file model_24.txt (compact mmCIF, C-alpha atoms and all ligand atoms)
# COMPACT_ATOMS: atom_id res chain seq x y z
CA MET A 61 187.50 121.16 109.62
CA LYS A 62 184.05 122.35 110.32
CA ILE A 63 182.69 120.16 107.53
CA ILE A 64 184.53 117.06 108.76
CA LYS A 65 183.19 117.63 112.23
CA LYS A 66 179.68 117.97 110.88
CA THR A 67 180.02 114.75 108.89
CA ALA A 68 181.38 112.96 111.93
CA VAL A 69 178.48 114.19 114.01
CA ILE A 70 176.01 113.07 111.36
CA ALA A 71 177.71 109.66 111.10
CA ALA A 72 177.73 109.25 114.88
CA ALA A 73 174.10 110.28 115.06
CA GLY A 74 173.29 107.82 112.30
CA LEU A 75 175.03 105.00 114.13
CA LEU A 76 173.26 105.90 117.36
CA PHE A 77 169.95 105.97 115.53
CA ALA A 78 170.63 102.56 113.96
CA LEU A 79 171.59 101.07 117.34
CA CYS A 80 168.64 102.59 119.11
CA PHE A 81 166.30 101.64 116.30
CA SER A 82 167.28 97.97 116.36
CA GLY A 83 167.34 97.97 120.17
CA CYS A 84 163.99 99.71 120.42
CA VAL A 85 162.39 97.37 117.92
CA SER A 86 163.38 94.24 119.85
CA ALA A 87 162.31 95.88 123.14
CA GLN A 88 158.92 96.61 121.58
CA GLU A 89 158.27 93.06 120.44
CA PRO A 90 155.51 91.64 122.64
CA VAL A 91 156.24 88.41 124.50
CA THR A 92 153.12 86.31 125.06
CA ARG A 93 152.08 83.26 127.09
CA THR A 94 148.70 81.59 126.67
CA VAL A 95 147.60 79.12 129.34
CA PHE A 96 144.38 77.58 130.60
CA ALA A 97 143.84 78.24 134.30
CA MET A 98 141.03 79.41 136.60
CA ASP A 99 138.56 77.84 134.22
CA THR A 100 139.45 80.20 131.40
CA VAL A 101 141.94 81.00 128.67
CA ILE A 102 144.58 83.40 129.94
CA THR A 103 146.86 85.48 127.74
CA LEU A 104 149.72 87.37 129.31
CA THR A 105 151.61 89.89 127.14
CA ALA A 106 154.63 91.88 128.27
CA TYR A 107 157.20 94.13 126.62
CA GLY A 108 160.81 94.91 127.35
CA LYS A 109 164.00 92.97 127.85
CA HIS A 110 162.84 91.17 131.02
CA ALA A 111 159.47 90.17 129.56
CA ASP A 112 160.37 86.50 129.09
CA GLU A 113 161.50 85.77 132.63
CA ALA A 114 158.73 87.92 134.09
CA LEU A 115 156.07 85.93 132.24
CA ASP A 116 157.61 82.60 133.24
CA ALA A 117 157.35 83.69 136.87
CA ALA A 118 153.78 84.92 136.31
CA VAL A 119 152.65 81.59 134.81
CA GLN A 120 154.08 79.74 137.80
CA LYS A 121 152.26 82.09 140.20
CA LEU A 122 149.05 81.69 138.24
CA ASN A 123 149.03 77.95 138.85
CA GLU A 124 149.61 78.57 142.56
CA TYR A 125 146.69 81.01 142.74
CA ASP A 126 144.46 78.61 140.83
CA THR A 127 144.93 76.00 143.57
CA LEU A 128 144.86 78.54 146.41
CA LEU A 129 141.44 79.97 145.52
CA ASP A 130 139.75 76.83 144.26
CA VAL A 131 136.61 75.87 146.20
CA ASP A 132 137.98 72.36 146.79
CA SER A 133 141.71 72.90 147.27
CA GLY A 134 144.19 75.29 148.88
CA ASP A 135 143.16 77.76 151.58
CA ILE A 136 139.59 78.20 150.35
CA GLY A 137 139.03 74.45 150.05
CA ASN A 138 140.43 74.08 153.54
CA ILE A 139 138.00 76.65 154.95
CA ASN A 140 135.11 74.88 153.19
CA THR A 141 136.00 71.40 154.44
CA HIS A 142 136.53 72.75 157.97
CA ALA A 143 133.38 74.86 158.15
CA GLY A 144 132.51 75.44 161.80
CA GLU A 145 136.17 75.79 162.85
CA PHE A 146 138.72 78.59 162.74
CA VAL A 147 141.18 77.88 159.91
CA GLN A 148 144.60 79.47 159.54
CA VAL A 149 145.17 80.94 156.06
CA GLY A 150 148.09 82.64 154.36
CA GLU A 151 148.53 86.39 154.69
CA GLU A 152 147.49 87.13 151.10
CA VAL A 153 144.29 85.10 151.37
CA TYR A 154 143.44 86.71 154.73
CA ARG A 155 143.78 90.15 153.14
CA LEU A 156 141.65 89.08 150.19
CA LEU A 157 138.91 87.66 152.43
CA SER A 158 138.89 90.82 154.55
CA ASP A 159 138.56 92.88 151.36
CA CYS A 160 135.71 90.64 150.20
CA VAL A 161 133.81 91.22 153.44
CA GLU A 162 134.32 94.97 153.08
CA LEU A 163 133.09 94.86 149.45
CA SER A 164 129.99 92.95 150.61
CA ARG A 165 129.32 95.64 153.18
CA GLN A 166 129.75 98.41 150.60
CA THR A 167 127.44 96.75 148.07
CA ASP A 168 124.82 95.80 150.65
CA GLY A 169 125.49 92.11 150.02
CA ALA A 170 125.10 92.18 146.22
CA PHE A 171 128.63 90.77 146.13
CA ASP A 172 128.85 87.88 148.58
CA ILE A 173 131.42 85.07 148.52
CA THR A 174 129.19 82.93 150.75
CA VAL A 175 126.90 82.07 147.79
CA GLY A 176 128.62 78.68 147.39
CA ARG A 177 125.49 76.70 148.33
CA TYR A 178 123.42 78.56 145.74
CA VAL A 179 126.06 78.09 143.07
CA ASP A 180 126.06 74.36 143.88
CA LEU A 181 122.29 74.26 143.74
CA TRP A 182 122.11 75.77 140.27
CA GLY A 183 124.92 73.47 139.33
CA PHE A 184 127.25 75.97 137.77
CA ARG A 185 130.12 73.85 139.04
CA SER A 186 128.79 70.65 137.45
CA GLN A 187 125.47 69.60 135.89
CA THR A 188 123.21 72.65 135.55
CA ARG A 189 119.59 72.46 136.78
CA VAL A 190 116.71 74.70 137.84
CA SER A 191 116.36 74.83 141.64
CA SER A 192 113.07 74.69 143.50
CA ASP A 193 111.97 77.40 145.97
CA GLU A 194 112.22 74.84 148.81
CA GLU A 195 115.82 74.02 147.97
CA ILE A 196 116.70 77.72 147.80
CA ALA A 197 115.03 78.40 151.18
CA GLU A 198 117.00 75.54 152.72
CA ALA A 199 120.32 76.79 151.29
CA ALA A 200 119.57 80.37 152.41
CA ASP A 201 120.38 79.42 156.02
CA PHE A 202 123.97 78.85 154.94
CA VAL A 203 124.48 82.09 152.98
CA GLY A 204 125.38 85.52 154.35
CA TRP A 205 128.68 87.42 154.49
CA GLU A 206 127.91 88.75 157.99
CA LYS A 207 128.42 85.22 159.32
CA ILE A 208 132.09 85.13 158.27
CA GLU A 209 134.42 85.48 161.26
CA LEU A 210 137.92 86.86 160.68
CA ALA A 211 140.50 87.16 163.46
CA ASP A 212 144.31 87.06 163.70
CA GLY A 213 144.95 85.42 160.33
CA LYS A 214 142.20 82.86 160.89
CA ILE A 215 138.76 82.54 159.37
CA LYS A 216 135.64 80.66 160.37
CA ILE A 217 132.46 80.07 158.42
CA PRO A 218 129.38 78.38 159.91
CA THR A 219 128.85 74.67 159.37
CA GLY A 220 127.06 74.15 156.07
CA MET A 221 128.36 77.35 154.47
CA GLN A 222 130.56 77.19 151.35
CA LEU A 223 132.78 80.00 150.10
CA ASP A 224 133.01 80.61 146.36
CA LEU A 225 135.60 83.10 145.16
CA GLY A 226 134.63 82.83 141.48
CA ALA A 227 133.59 86.48 141.35
CA VAL A 228 136.97 87.87 142.50
CA ALA A 229 139.57 85.18 141.89
CA LYS A 230 140.57 86.30 138.40
CA GLY A 231 140.65 89.98 139.30
CA TRP A 232 142.73 89.35 142.39
CA ALA A 233 145.10 87.07 140.46
CA ALA A 234 145.42 89.68 137.68
CA GLY A 235 146.52 92.32 140.20
CA LYS A 236 149.00 89.94 141.83
CA LEU A 237 150.45 88.88 138.46
CA LYS A 238 150.90 92.53 137.54
CA GLU A 239 152.97 92.98 140.72
CA VAL A 240 155.08 89.91 139.89
CA ILE A 241 155.77 91.17 136.38
CA ALA A 242 156.64 94.67 137.61
CA GLU A 243 159.18 93.17 140.04
CA TYR A 244 161.16 92.04 136.98
CA GLY A 245 161.42 95.60 135.76
CA VAL A 246 158.69 95.26 133.13
CA GLU A 247 156.92 98.57 132.61
CA SER A 248 154.47 97.62 129.91
CA ALA A 249 152.08 94.65 129.95
CA ILE A 250 148.51 93.63 129.31
CA LEU A 251 147.06 90.57 131.05
CA SER A 252 143.82 89.00 129.96
CA LEU A 253 142.11 86.45 132.24
CA GLY A 254 138.78 85.70 130.62
CA GLY A 255 136.61 88.79 131.14
CA ASN A 256 139.31 90.34 133.35
CA VAL A 257 141.86 92.53 131.64
CA THR A 258 144.51 94.54 133.43
CA THR A 259 147.21 96.83 132.12
CA LEU A 260 150.62 97.86 133.38
CA GLY A 261 151.82 101.20 132.04
CA LYS A 262 151.31 102.11 128.40
CA LYS A 263 152.41 100.39 125.21
CA PRO A 264 156.15 100.84 124.55
CA ASP A 265 155.38 103.44 121.86
CA GLY A 266 153.62 105.56 124.49
CA THR A 267 150.09 104.90 123.26
CA LEU A 268 147.31 103.49 125.43
CA PHE A 269 146.22 99.85 125.46
CA ASN A 270 143.04 99.14 123.57
CA VAL A 271 140.58 96.84 125.37
CA ALA A 272 137.53 95.68 123.42
CA ILE A 273 134.20 95.10 125.16
CA ARG A 274 132.17 92.15 123.93
CA ASP A 275 128.72 92.44 122.45
CA PRO A 276 126.49 90.40 124.82
CA ASP A 277 124.30 89.36 121.88
CA ASP A 278 127.21 88.11 119.84
CA PRO A 279 130.25 87.16 121.91
CA ASP A 280 132.33 87.08 118.72
CA ALA A 281 131.60 90.76 118.08
CA TYR A 282 132.56 93.91 119.96
CA LEU A 283 130.29 96.62 121.23
CA ASP A 284 132.81 99.20 122.26
CA SER A 285 136.44 99.65 123.17
CA VAL A 286 138.31 101.64 125.81
CA GLN A 287 141.83 103.05 125.76
CA VAL A 288 143.58 102.65 129.09
CA SER A 289 146.86 102.51 131.01
CA ASP A 290 147.48 101.18 134.55
CA LEU A 291 143.87 100.17 134.84
CA ALA A 292 141.74 97.05 135.29
CA VAL A 293 138.89 96.53 132.82
CA VAL A 294 136.56 93.78 134.05
CA THR A 295 133.35 92.55 132.45
CA SER A 296 130.66 90.38 134.03
CA GLY A 297 127.89 89.19 131.77
CA SER A 298 124.94 86.83 131.77
CA TYR A 299 126.13 85.58 128.37
CA MET A 300 129.34 84.15 129.84
CA ARG A 301 127.98 81.09 131.62
CA TYR A 302 124.34 80.01 131.38
CA PHE A 303 121.87 77.33 130.40
CA ASP A 304 118.44 77.54 128.79
CA GLN A 305 115.48 75.51 129.99
CA ASP A 306 111.85 75.78 128.84
CA GLY A 307 112.61 79.05 127.12
CA VAL A 308 114.16 80.65 130.22
CA ARG A 309 117.81 81.61 130.49
CA TYR A 310 119.55 80.85 133.78
CA HIS A 311 122.95 82.50 134.17
CA HIS A 312 125.72 82.23 136.77
CA ILE A 313 125.44 85.57 138.61
CA ILE A 314 123.26 84.93 141.63
CA ASP A 315 121.32 87.55 143.56
CA PRO A 316 122.23 86.60 147.15
CA LYS A 317 118.86 88.01 148.33
CA THR A 318 116.80 85.61 146.18
CA GLY A 319 119.19 82.70 145.61
CA LYS A 320 118.33 82.89 141.90
CA PRO A 321 120.12 84.27 138.83
CA ALA A 322 120.00 88.07 139.15
CA GLU A 323 117.29 89.82 137.16
CA SER A 324 118.29 93.45 137.24
CA GLY A 325 117.69 94.38 133.61
CA LEU A 326 121.42 94.23 132.79
CA VAL A 327 123.19 91.79 130.50
CA SER A 328 126.73 93.12 130.83
CA VAL A 329 128.69 95.26 133.27
CA THR A 330 132.21 96.59 132.67
CA VAL A 331 134.10 98.20 135.55
CA MET A 332 137.32 100.19 135.16
CA CYS A 333 139.44 101.17 138.15
CA THR A 334 142.97 100.80 139.49
CA ASP A 335 142.14 98.05 142.02
CA ASP A 336 141.82 94.71 140.20
CA THR A 337 140.08 92.86 143.03
CA ALA A 338 137.51 95.62 143.52
CA ALA A 339 136.90 95.87 139.76
CA ASP A 340 136.03 92.16 139.59
CA ALA A 341 133.88 92.13 142.71
CA LEU A 342 132.06 95.31 141.68
CA ALA A 343 131.32 94.02 138.16
CA THR A 344 129.47 91.11 139.77
CA ALA A 345 127.83 93.35 142.39
CA PHE A 346 126.62 95.94 139.86
CA PHE A 347 125.16 93.17 137.74
CA VAL A 348 123.04 92.19 140.73
CA MET A 349 122.25 95.79 141.73
CA GLY A 350 121.05 97.03 138.34
CA ALA A 351 121.54 100.45 136.73
CA GLN A 352 119.93 102.73 139.32
CA LYS A 353 121.62 101.33 142.41
CA THR A 354 124.94 101.23 140.52
CA ALA A 355 124.59 104.92 139.62
CA ASP A 356 123.80 105.75 143.27
CA TYR A 357 126.83 103.79 144.48
CA LEU A 358 129.12 105.55 141.99
CA GLN A 359 128.04 109.07 142.91
CA THR A 360 130.76 109.31 145.53
CA LYS A 361 133.31 107.28 143.55
CA PRO A 362 134.31 109.23 140.44
CA ASP A 363 137.45 107.12 139.91
CA ILE A 364 135.41 104.04 139.09
CA LYS A 365 134.14 104.08 135.51
CA VAL A 366 131.37 101.78 134.37
CA ILE A 367 129.73 100.69 131.11
CA LEU A 368 126.37 98.93 131.49
CA VAL A 369 124.44 97.15 128.76
CA THR A 370 120.73 96.68 129.46
CA SER A 371 118.57 93.82 128.22
CA GLN A 372 117.02 96.37 125.84
CA GLY A 373 120.44 96.83 124.23
CA GLU A 374 120.99 100.30 125.70
CA ILE A 375 124.56 101.27 126.62
CA LEU A 376 124.90 103.39 129.77
CA ARG A 377 128.21 104.98 130.74
CA ILE A 378 128.72 106.18 134.31
CA ASN A 379 131.65 108.47 135.35
P1 LIG A 401 133.08 85.33 135.63
O1 LIG A 401 133.59 84.36 136.62
O2 LIG A 401 132.33 84.72 134.50
O3 LIG A 401 134.12 86.31 135.19
P2 LIG A 401 131.92 86.93 137.72
O4 LIG A 401 133.18 87.61 138.09
O5 LIG A 401 130.71 87.78 137.68
O6 LIG A 401 131.99 86.21 136.34
O7 LIG A 401 131.72 85.78 138.78
C1 LIG A 401 130.64 84.91 138.73
C2 LIG A 401 130.94 83.73 139.64
O8 LIG A 401 130.99 84.17 140.99
C3 LIG A 401 129.87 82.66 139.59
O9 LIG A 401 130.21 81.63 138.68
C4 LIG A 401 129.81 82.18 141.03
O10 LIG A 401 130.82 81.21 141.24
C5 LIG A 401 130.15 83.40 141.84
N1 LIG A 401 129.00 84.27 142.16
C6 LIG A 401 127.77 84.28 141.59
N2 LIG A 401 127.00 85.26 142.10
C7 LIG A 401 127.78 85.91 143.03
C8 LIG A 401 127.54 87.01 143.90
N3 LIG A 401 126.39 87.68 143.91
N4 LIG A 401 128.56 87.38 144.71
C9 LIG A 401 129.75 86.73 144.71
N5 LIG A 401 130.00 85.68 143.92
C10 LIG A 401 129.04 85.27 143.07
MG MG A 402 133.44 89.44 139.10

call {"tool": "encode", "arguments": {"input": "model_24.txt", "output": "structure tokens"}}
result
Amino acid sequence: MKIIKKTAVIAAAGLLFALCFSGCVSAQEPVTRTVFAMDTVITLTAYGKHADEALDAAVQKLNEYDTLLDVDSGDIGNINTHAGEFVQVGEEVYRLLSDCVELSRQTDGAFDITVGRYVDLWGFRSQTRVSSDEEIAEAADFVGWEKIELADGKIKIPTGMQLDLGAVAKGWAAGKLKEVIAEYGVESAILSLGGNVTTLGKKPDGTLFNVAIRDPDDPDAYLDSVQVSDLAVVTSGSYMRYFDQDGVRYHHIIDPKTGKPAESGLVSVTVMCTDDTAADALATAFFVMGAQKTADYLQTKPDIKVILVTSQGEILRIN
């Protein structure tokens, strides 16, 4: 009797194991979508039985956000074409713009979404070209985050100013997509939007997600990797978008104080923190600020971890 019972228990346990094993394996299969949006290749990966529907919803949202934050369309385009007037925007965009202003304040203007005129001047939206000092001085009158007016869901920028959300759009979208995916009950996902990676939970086997950090000298190679869960990992680098003229490299991260590509001695900045929007904005800001000012800023913010690569090839880790 005892023996039979034991055999039955073993058989039942075996069946349970087989069921769980097959179930667990299918739940652990990653589901992936690759799309081109926000000017970059985006790969969304999720695990679990609701991964498929969650990713379908995320792709749909992504296209909405792409239009919403574009300089020429959606709410941001609307603000730009109606510069000089108060423009009503959606609740999400109002929140984002308020956060952007706060991030400008915190970084002493190193991050500034009003750099649109400079970005146009250097042509990073179309044909690239070197700008003259006169052109920069003229555009400077239409740059400055302090001139943004926000009140009761409406925003006004001065006539001539142009907003450019390129430095936060992908980070913000990554955070929003993570929320969408989580609403479907997904507990494990990794979303990669160009240099913006964000993670939801851990991998289904309980291990951390591995995020590789590109070598600025060889964008096909990796310099380092970090193991994370529930964290954004955002990299801004001068190697991502640039042009060379007469032996000089001009890249797409502008120092709002000079109107020219930032020269802070850094070639790559990686920021890791729980807030996706802040991670993206800060990666751009730290690139402008350079190593010393970044270290000063981070002294009171131990939850934000940073990896800097200097033009000398040095790797500096802060926090
Ligand atoms: P990427 O878009 O390559 O991920 P960033 O997040 O650093 O890189 O954003 C750079 C983009 O943000 C530029 O292409 C430009 O549109 C805009 N931008 C450039 N300099 C600044 C700045 N100092 N503050 C805010 N936005 C900026
Ligand atoms: Mg950025």

call {"tool": "atom_distance", "arguments": {"input": "model_24.txt", "atom1": "atom C8 of ligand LIG 401 (chain A)", "atom2": "CA of Arg274 in chain A"}}
result
21.1 Å

call {"tool": "closest_atom_pairs", "arguments": {"input": "model_24.txt", "of": "chain A", "to": "ligand LIG 401 (chain A)", "cutoff": "6 Å", "atoms": "all atoms listed in the file", "output": "Markdown table"}}
result
| residue | atom | partner | partner_atom | distance |
| --- | --- | --- | --- | --- |
| A:Ala170 | CA | A:LIG401 | N3 | 5.2 |
| A:Phe171 | CA | A:LIG401 | N4 | 3.7 |
| A:Asp172 | CA | A:LIG401 | N4 | 3.9 |
| A:Ile173 | CA | A:LIG401 | C9 | 4.5 |
| A:Val179 | CA | A:LIG401 | C4 | 5.9 |
| A:Asp224 | CA | A:LIG401 | O10 | 5.6 |
| A:Gly226 | CA | A:LIG401 | O8 | 3.9 |
| A:Ala227 | CA | A:LIG401 | O7 | 3.3 |
| A:Val228 | CA | A:LIG401 | O4 | 5.8 |
| A:Gly255 | CA | A:LIG401 | O3 | 5.4 |
| A:Ser296 | CA | A:LIG401 | O5 | 4.5 |
| A:Met300 | CA | A:LIG401 | O2 | 5.6 |
| A:His312 | CA | A:LIG401 | O9 | 4.9 |
| A:Ile313 | CA | A:LIG401 | N2 | 3.8 |
| A:Ile314 | CA | A:LIG401 | N2 | 3.8 |
| A:Asp315 | CA | A:LIG401 | N3 | 5.1 |
| A:Pro316 | CA | A:LIG401 | N3 | 5.4 |
| A:Asp340 | CA | A:LIG401 | O4 | 5.6 |
| A:Thr344 | CA | A:LIG401 | O5 | 4.1 |

call {"tool": "residues_near_ligand", "arguments": {"input": "model_24.txt", "ligand": "ligand MG 402 (chain A)", "cutoff": "10 Å", "atoms": "only C-alpha atoms and all ligand atoms", "output": "ChimeraX atom specification"}}
result
/A:171,225-232,255-256,294-297,313,329-331,336-347

call {"tool": "closest_residue", "arguments": {"input": "model_24.txt", "among": "A:Glu239, A:Glu162, A:Glu323, A:Glu151", "to": "Lys121 in chain A", "atoms": "only C-alpha atoms"}}
result
A:Glu239

call {"tool": "residues_around", "arguments": {"input": "model_24.txt", "residues": "Ser158 in chain A", "least_positions_apart": "3", "cutoff": "10 Å", "atoms": "all atoms listed in the file", "output": "PyMOL selection string"}}
result
chain A and resi 152-155+161-164+208-211+213+215
